[in-house]
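Peer 1: This is structure-v1.cif, which holds mmCIF, C-alpha atoms:
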```
data_my_file
loop_
_atom_site.label_atom_id
_atom_site.label_comp_id
_atom_site.auth_asym_id
_atom_site.auth_seq_id
_atom_site.Cartn_x
_atom_site.Cartn_y
_atom_site.Cartn_z
CA MET Z 1 -21.49 -5.87 5.39
CA ALA Z 2 -23.95 -3.46 3.77
CA ARG Z 3 -23.56 -2.31 0.19
CA ASP Z 4 -23.10 1.38 -0.47
CA GLN Z 5 -26.11 2.87 -2.20
CA ILE Z 6 -25.76 5.75 -4.57
CA LYS Z 7 -28.56 7.89 -5.97
CA VAL Z 8 -28.66 8.62 -9.68
CA PRO Z 9 -31.28 10.42 -11.77
CA PHE Z 10 -33.86 8.39 -13.68
CA GLY Z 11 -32.47 7.14 -17.00
CA TYR Z 12 -28.83 7.51 -15.95
CA GLU Z 13 -26.41 5.33 -17.84
CA PRO Z 14 -22.80 5.12 -16.68
CA PRO Z 15 -20.33 6.56 -19.19
CA THR Z 16 -18.50 4.01 -21.29
CA GLU Z 17 -14.87 3.58 -20.42
CA THR Z 18 -12.89 4.88 -23.39
CA HIS Z 19 -9.44 5.18 -21.85
CA LYS Z 20 -6.98 2.37 -21.53
CA GLY Z 21 -4.48 2.63 -18.78
CA THR Z 22 -0.86 3.36 -18.10
CA ILE Z 23 2.12 3.05 -20.40
CA LEU Z 24 5.49 2.63 -18.69
CA LEU Z 25 8.54 3.76 -20.71
CA PHE Z 26 11.87 2.10 -19.94
CA GLU Z 27 14.64 3.89 -21.78
CA THR Z 28 17.86 5.87 -21.35
CA PHE Z 29 16.14 8.97 -22.84
CA GLU Z 30 19.48 10.56 -23.73
CA ASP Z 31 18.71 10.56 -27.47
CA TRP Z 32 15.05 11.60 -27.17
CA THR Z 33 14.15 14.83 -28.92
CA GLU Z 34 11.11 17.06 -28.80
CA THR Z 35 9.97 15.57 -32.12
CA LYS Z 36 10.19 12.02 -30.80
CA LEU Z 37 8.35 12.97 -27.61
CA HIS Z 38 5.57 14.65 -29.61
CA ALA Z 39 5.29 11.57 -31.82
CA PHE Z 40 5.02 9.39 -28.72
CA THR Z 41 2.36 11.56 -27.07
CA ARG Z 42 0.32 11.70 -30.30
CA TRP Z 43 0.46 7.91 -30.55
CA ALA Z 44 -0.51 7.50 -26.86
CA GLU Z 45 -3.41 9.95 -27.22
CA GLU Z 46 -4.67 8.11 -30.32
CA ARG Z 47 -4.56 4.86 -28.34
CA LYS Z 48 -6.50 6.61 -25.51
CA PHE Z 49 -3.97 6.06 -22.71
CA VAL Z 50 -4.59 7.99 -19.51
CA ARG Z 51 -1.03 8.19 -18.20
CA ALA Z 52 2.55 7.76 -19.40
CA VAL Z 53 5.29 7.13 -16.86
CA PHE Z 54 8.82 7.89 -18.04
CA TYR Z 55 11.31 5.72 -16.16
CA PRO Z 56 14.96 6.58 -16.87
CA GLN Z 57 17.31 3.95 -15.55
CA HIS Z 58 20.42 4.48 -13.46
CA GLU Z 59 23.88 4.03 -15.01
CA GLU Z 60 24.52 0.98 -12.83
CA THR Z 61 21.40 -0.74 -14.15
CA LEU Z 62 22.33 0.13 -17.73
CA ARG Z 63 25.89 -1.10 -17.21
CA ARG Z 64 24.64 -4.45 -15.93
CA MET Z 65 22.35 -4.71 -18.95
CA ASP Z 66 25.31 -3.96 -21.31
CA ILE Z 67 23.63 -0.78 -22.58
CA ARG Z 68 26.05 2.08 -23.14
CA CYS Z 69 24.99 5.50 -21.99
CA GLN Z 70 27.03 8.68 -22.48
CA GLN Z 71 25.26 10.92 -19.95
CA PRO Z 72 24.88 10.36 -16.19
CA TYR Z 73 21.46 9.72 -14.69
CA TYR Z 74 20.87 13.25 -13.37
CA ALA Z 75 21.70 14.83 -16.77
CA ARG Z 76 19.28 12.51 -18.57
CA VAL Z 77 16.55 13.30 -16.01
CA LYS Z 78 17.11 17.03 -16.43
CA HIS Z 79 16.96 16.68 -20.24
CA LEU Z 80 13.73 14.69 -19.96
CA GLU Z 81 12.19 17.21 -17.53
CA ASN Z 82 12.91 20.01 -20.03
CA LEU Z 83 11.29 18.00 -22.83
CA LEU Z 84 8.21 17.18 -20.75
CA GLU Z 85 7.70 20.85 -19.83
CA GLN Z 86 7.39 21.72 -23.52
CA VAL Z 87 4.72 19.12 -24.30
CA ASP Z 88 1.06 20.11 -24.29
CA SER Z 89 -0.95 16.91 -24.03
CA THR Z 90 -4.20 15.53 -22.65
CA LEU Z 91 -2.11 12.61 -21.45
CA GLN Z 92 -0.85 12.71 -17.86
CA LEU Z 93 2.95 12.65 -18.21
CA ASP Z 94 4.88 11.54 -15.13
CA LEU Z 95 8.61 11.23 -14.57
CA ASP Z 96 9.52 8.58 -12.00
CA LYS Z 97 12.88 9.16 -10.30
CA TRP Z 98 12.80 6.17 -7.96
CA GLU Z 99 15.83 4.52 -9.51
CA GLY Z 100 17.83 7.71 -8.99
CA LYS Z 101 17.05 7.56 -5.28
CA ARG Z 102 18.26 3.98 -5.10
CA LYS Z 103 21.57 4.88 -6.83
CA LYS Z 104 22.33 1.26 -7.61
CA TYR Z 105 21.37 -1.60 -9.90
CA THR Z 106 17.63 -2.21 -9.98
CA PRO Z 107 16.38 -5.40 -11.66
CA ILE Z 108 13.60 -4.86 -14.20
CA ASP Z 109 11.32 -7.13 -12.13
CA THR Z 110 11.68 -4.81 -9.13
CA SER Z 111 11.02 -1.74 -11.28
CA LEU Z 112 7.96 -3.28 -12.92
CA THR Z 113 6.52 -4.41 -9.59
CA PHE Z 114 7.06 -0.93 -8.13
CA LEU Z 115 5.46 0.85 -11.10
CA THR Z 116 2.50 -1.50 -11.57
CA ASP Z 117 1.65 -1.33 -7.86
CA LYS Z 118 1.85 2.47 -7.96
CA THR Z 119 -0.17 3.17 -11.14
CA PRO Z 120 -3.65 2.09 -12.30
CA GLY Z 121 -3.89 -0.66 -14.94
CA PRO Z 122 -4.06 -2.04 -17.48
CA HIS Z 123 -0.32 -1.68 -17.93
CA PHE Z 124 1.66 -1.43 -21.13
CA VAL Z 125 5.47 -1.52 -21.11
CA CYS Z 126 7.20 0.47 -23.83
CA MET Z 127 10.89 -0.11 -24.53
CA SER Z 128 13.31 0.01 -27.43
CA ASP Z 129 14.08 -3.07 -29.49
CA ARG Z 130 17.43 -3.63 -27.74
CA TYR Z 131 15.72 -3.45 -24.30
CA ALA Z 132 13.04 -5.89 -25.47
CA ASN Z 133 15.68 -8.36 -26.67
CA LEU Z 134 17.26 -8.29 -23.21
CA PHE Z 135 13.93 -8.41 -21.35
CA VAL Z 136 12.81 -11.52 -23.25
CA THR Z 137 15.87 -13.44 -22.02
CA TYR Z 138 15.10 -12.86 -18.32
CA PRO Z 139 13.48 -15.78 -16.47
CA SER Z 140 10.61 -13.62 -15.23
CA PHE Z 141 9.61 -12.56 -18.76
CA LYS Z 142 7.01 -15.36 -19.00
CA GLU Z 143 5.16 -14.07 -15.95
CA TRP Z 144 5.37 -10.40 -16.94
CA ILE Z 145 4.19 -10.84 -20.53
CA LYS Z 146 0.99 -12.34 -19.13
CA LYS Z 147 0.41 -9.29 -16.90
CA VAL Z 148 1.44 -6.47 -19.26
CA ARG Z 149 1.43 -5.79 -22.98
CA LEU Z 150 4.74 -4.95 -24.59
CA VAL Z 151 5.20 -2.05 -27.00
CA ILE Z 152 8.54 -2.19 -28.79
CA ILE Z 153 10.00 1.00 -30.26
CA ASN Z 154 11.81 0.23 -33.50
CA GLN Z 155 14.70 2.50 -32.58
CA PHE Z 156 17.91 0.59 -33.29
CA HIS Z 157 16.47 -1.63 -36.03
CA VAL Z 158 17.92 -4.78 -34.52
CA PRO Z 159 16.23 -8.12 -35.24
CA LEU Z 160 13.86 -9.13 -32.47
CA HIS Z 161 14.52 -12.19 -30.32
CA GLY Z 162 12.86 -15.38 -31.59
CA LYS Z 163 11.27 -16.06 -28.19
CA LEU Z 164 8.92 -13.11 -28.79
CA ASN Z 165 7.13 -15.14 -31.49
CA GLU Z 166 5.64 -17.37 -28.77
CA TYR Z 167 3.80 -14.30 -27.42
CA ALA Z 168 2.94 -12.59 -30.73
CA GLU Z 169 -0.50 -11.48 -29.47
CA ARG Z 170 1.01 -9.70 -26.42
CA TRP Z 171 3.34 -7.22 -28.16
CA GLU Z 172 3.51 -4.77 -31.06
CA VAL Z 173 6.18 -2.68 -32.77
CA VAL Z 174 5.90 1.10 -33.24
CA ASP Z 175 8.23 3.64 -34.84
CA PHE Z 176 8.35 7.17 -33.41
CA GLY Z 177 11.18 8.31 -35.67
CA ASN Z 178 8.79 9.06 -38.53
CA GLY Z 179 5.89 10.10 -36.32
CA SER Z 180 3.77 6.94 -36.66
#
```
Let me see the structure of the file written as structure tokens.
Peer 2:
Amino acid sequence: MARDQIKVPFGYEPPTETHKGTILLFETFEDWTETKLHAFTRWAEERKFVRAVFYPQHEETLRRMDIRCQQPYYARVKHLENLLEQVDSTLQLDLDKWEGKRKKYTPIDTSLTFLTDKTPGPHFVCMSDRYANLFVTYPSFKEWIKKVRLVIINQFHVPLHGKLNEYAERWEVVDFGNGS
């Protein structure tokens, strides 16, 4: 099999890669405001992410995870679409509605596999502190924390699960409420 040859001008140096990858947001998004979204996009731009994928979860998934949600899936998606239209960012903002098409419980493993196969890496998973506490208790957490980095939003100010200490180098906590 022959290698592809490309022609470049004398002295050409390939540009250094300055962008990271994709951040996947798992959240209900019903309490997200324009201020919180702007704080998130500023943070993601500072960290040089290329893409952010917003992944609202279906009511059935949230119910199985014991996360209460006041609004139905379609209302939360519509709210998030309106917020995303108002954001001017260099970041590519995508809204993934796959779970709405399924209309049933989707395990987080299935969602992560779907999103990581679909988007370029490296992958970062962003979720609130209550989501992270649930995610860490799943059997597949050990495999996923090796593949992705976890970004925990300090939203509900709940103490983090002790199992996270074993993987301290693979996660970080951020707070978008005050714009940091």
Peer 1: Would you list the contacts of Asp31 in chain Z as a PyMOL selection string, taking every protein, DNA or RNA residue within 10 Å and counting all atoms listed in the file, but skipping same-chain residues closer than 3 positions in sequence?
Peer 2: chain Z and resi 27-28+36+69-71+76+79-80
Peer 1: From the options Z:Gln155, Z:Asn133, Z:Gln57, Z:Thr119, which residue's atoms come nearest to Trp98 in chain Z, counting only C-alpha atoms?
Peer 2: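 Ranked by minimum distance to Trp98 in chain Z, first place goes to Z:Gln57.
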Peer 1: Would you mind reading off the distance between CA of Leu95 in chain Z and CA of Ser128 in chain Z, one decimal, in Å?
Peer 2: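 If I compute the distance from CA of Leu95 in chain Z to CA of Ser128 in chain Z, I get 17.7 Å.
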Peer 1: Excluding Pro56 in chain Z and its own-chain neighbours fewer than 3 positions away, which residues fall within 12 Å of it when counting all atoms listed in the file? Please give them as a PyMOL selection string.
Peer 2: chain Z and resi 24-32+53+59-62+69+71-81+94-101+106+108+111+127
Peer 1: Which is closest to Val173 in chain Z among Z:Val158, Z:Leu84, Z:Pro139, Z:Asp129, if we use all atoms listed in the file?
Peer 2: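 Comparing Z:Val158, Z:Leu84, Z:Pro139, Z:Asp129 against Val173 in chain Z, the winner is Z:Asp129.
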Peer 1: Show me, as a list of chain:residue names, the residues that have an atom within 12 Å of Asp88 in chain Z when counting all atoms listed in the file, minus same-chain residues fewer than 6 positions from it.
Peer 2: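 Everything that qualifies: Z:Glu34, Z:Leu37, Z:His38, Z:Thr41, Z:Arg42, Z:Glu45.
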Peer 1: Specify as a ChimeraX atom specification each residue included when the PyMOL selection byres ((chain Z and resi 147) around 12) is applied to this file.
Peer 2: /Z:112-113,116,121-125,140-146,148-150,170-171
Peer 1: To one decimal place in Å, what is the distance between CA of Lys118 in chain Z and CA of Leu93 in chain Z?
Peer 2: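 Computing the Euclidean distance for CA of Lys118 in chain Z and CA of Leu93 in chain Z yields 14.5 Å.
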Peer 1: Calculated over only C-alpha atoms, which of the candidates Z:Thr35, Z:Phe54, Z:Asp66, Z:Lys48 has the smallest distance to Gln86 in chain Z?
Peer 2: Z:Thr35
Peer 1: Could you check the closest approach to Tyr167 in chain Z for each of Z:Val136, Z:Arg63, Z:Leu83, Z:Asn154 and tell me which residue wins, using all atoms listed in the file?
Peer 2: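 So, comparing all the options, the nearest one is Z:Val136.
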Peer 1: Would you please work out which residue, of Z:Ile67, Z:Leu134, Z:Cys126, Z:Val8, is nearest to Phe40 in chain Z when using only C-alpha atoms?
Peer 2: Z:Cys126
Peer 1: Can you work out the spacing between CA of Arg64 in chain Z and CA of Thr33 in chain Z in Å, to one decimal?
Peer 2: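 For CA of Arg64 in chain Z relative to CA of Thr33 in chain Z, the distance reads 25.5 Å.
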Peer 1: Do you know which residues the PyMOL selection byres ((chain Z and resi 43) around 12) returns on this file, as a short mmCIF file (atom, residue, chain, number, x, y, z; two decimals) with C-alpha atoms, in the frame of the given file?
Peer 2:
```cif
data_model
loop_
_atom_site.label_atom_id
_atom_site.label_comp_id
_atom_site.auth_asym_id
_atom_site.auth_seq_id
_atom_site.Cartn_x
_atom_site.Cartn_y
_atom_site.Cartn_z
CA ILE Z 23 2.12 3.05 -20.40
CA LYS Z 36 10.19 12.02 -30.80
CA LEU Z 37 8.35 12.97 -27.61
CA HIS Z 38 5.57 14.65 -29.61
CA ALA Z 39 5.29 11.57 -31.82
CA PHE Z 40 5.02 9.39 -28.72
CA THR Z 41 2.36 11.56 -27.07
CA ARG Z 42 0.32 11.70 -30.30
CA ALA Z 44 -0.51 7.50 -26.86
CA GLU Z 45 -3.41 9.95 -27.22
CA GLU Z 46 -4.67 8.11 -30.32
CA ARG Z 47 -4.56 4.86 -28.34
CA LYS Z 48 -6.50 6.61 -25.51
CA PHE Z 49 -3.97 6.06 -22.71
CA ALA Z 52 2.55 7.76 -19.40
CA SER Z 89 -0.95 16.91 -24.03
CA THR Z 90 -4.20 15.53 -22.65
CA LEU Z 91 -2.11 12.61 -21.45
CA VAL Z 151 5.20 -2.05 -27.00
CA ILE Z 153 10.00 1.00 -30.26
CA VAL Z 174 5.90 1.10 -33.24
CA ASP Z 175 8.23 3.64 -34.84
CA PHE Z 176 8.35 7.17 -33.41
CA GLY Z 177 11.18 8.31 -35.67
CA ASN Z 178 8.79 9.06 -38.53
CA GLY Z 179 5.89 10.10 -36.32
CA SER Z 180 3.77 6.94 -36.66
#
```
Peer 1: Specify the axis-aligned box that encloses all atoms of range 124-133 of chain Z listed in the file after padding of 5 Å on each side, stating its centre and edge lengths in Å to one decimal as JSON.
Peer 2:
```
{"center_x": 9.5, "center_y": -3.9, "center_z": -25.3, "size_x": 25.8, "size_y": 18.8, "size_z": 18.4}
```
Peer 1: Taking into account all atoms listed in the file, which residue in the set Z:Met65, Z:Val87, Z:Leu115, Z:Ala168 is nearest to Tyr131 in chain Z?
Peer 2: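 Closest to Tyr131 in chain Z of all the choices is Z:Met65.
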